[in-house]
Amino acid sequence: MKTLDYTKLNAEKANELVKSLQQLLADFQVYYTNLRGFHWNVKGNGFFTLHAQFENMYDDVAEKVDEIAERILQLSGTPENNFSGYLKVAKVKEVGNESSADAAVKNILETLSYLIGEERKALAQASEAEDEVTVALLSDYLKEQEKTVWMLTAYLS
């Protein structure tokens with residue numbers, strides 16, 4: 001028995017959405033690791049501000065990883081749970097020991113730009129599938145991320 005039997009979502013459309021969510025899961029896992037590295041390694045003028053901000057950001061991303069994985073399960077998929085699997089498909093690339101505050105913030109902005117684009121695609125799929133739960137989840141992510149982009153852009157200005 002599957003969850004989809006009760007939620008009345010189209011299995012074929014849900015399966016396509018799961019593929020998009022799997023991509024987001026892999027990308028968010030790499031993003032999380034990059035944020036941890038920025039938190040540990042950032043130096044310079046913005047250290048106190050960014051050290052705390054990067055911790056807030058990776059905590060937020062960890063929550064998103066869990067939500068995405070659970071949504072995949074709710075759509076009768078199986079979330080990837082190995083980092084080697086994430087690295088095979090993630091489009092977000094690992095960052096080495098970056099200590100420059102500006103370089104870290106620029107990387108985050110580039111990553112968010114990519115994630116926002118992928119979330120908009122998945123949101124369109126979810127809407128097509130009449131999956132209001134995934135639409136709401138991704139809409140919430142977009143609202144938060146657009147504000148973060150605005151704030152990080154202001155920081156670099």
# chains A, B, ... in the order shown; residues from 1 in each chain; ligands from 1

$ select_by_dssp --residues "chain A" --states "helix (DSSP H, G or I)" --output "ChimeraX atom specification"
/A:4-7,11-41,47-74,83-89,101-128,132-156

$ residues_around --residues "Asn15 in chain A" --least-positions-apart "2" --cutoff "8 Å" --atoms "only C-alpha atoms" --output "count of residues only"
9

$ residues_around --residues "Ala52 in chain A" --least-positions-apart "6" --cutoff "12 Å" --atoms "only C-alpha atoms" --output "list in words"
Leu35, Arg36, Phe38, His39, Trp40, Val42, Gly46, Tyr58 and Asp59 of chain A

$ closest_residue --among "A:Lys2, A:Asn56, A:Gln74, A:Asp66" --to "Asp131 in chain A" --atoms "only C-alpha atoms"
A:Gln74

$ closest_residue --among "A:Leu4, A:Ala126, A:Leu73, A:Ile116" --to "Glu146 in chain A" --atoms "only C-alpha atoms"
A:Ile116

$ residues_around --residues "Met57 in chain A" --least-positions-apart "5" --cutoff "12 Å" --atoms "only C-alpha atoms" --output "MDAnalysis selection string"
chainID A and resid 28 31:39 50:52 62:64 105 108 112 144:145 148 152

$ closest_residue --among "A:Glu16, A:Glu70, A:Leu138, A:Asn45" --to "Gly117 in chain A" --atoms "only C-alpha atoms"
A:Leu138

$ atom_distance --atom1 "CA of Tyr155 in chain A" --atom2 "CA of Ala101 in chain A"
10.3 Å

$ closest_residue --among "A:Thr153, A:Gln29, A:Ser100, A:Gln53" --to "Tyr86 in chain A" --atoms "only C-alpha atoms"
A:Gln29

$ closest_residue --among "A:Val61, A:Thr3, A:Leu137, A:Lys43" --to "Leu25 in chain A" --atoms "only C-alpha atoms"
A:Val61

$ residues_around --residues "Gln125 in chain A" --least-positions-apart "2" --cutoff "10 Å" --atoms "only C-alpha atoms" --output "list in words"
Lys13, Ala14, Glu16, Leu17, Val18, Ser20, Glu119, Arg120, Lys121, Ala122, Leu123, Ser127, Glu128, Ala129, Glu130, Asp131, Thr134 and Val135 of chain A

$ closest_residue --among "A:Ala136, A:Ala124, A:Leu115, A:Ala104" --to "Gln23 in chain A" --atoms "only C-alpha atoms"
A:Leu115
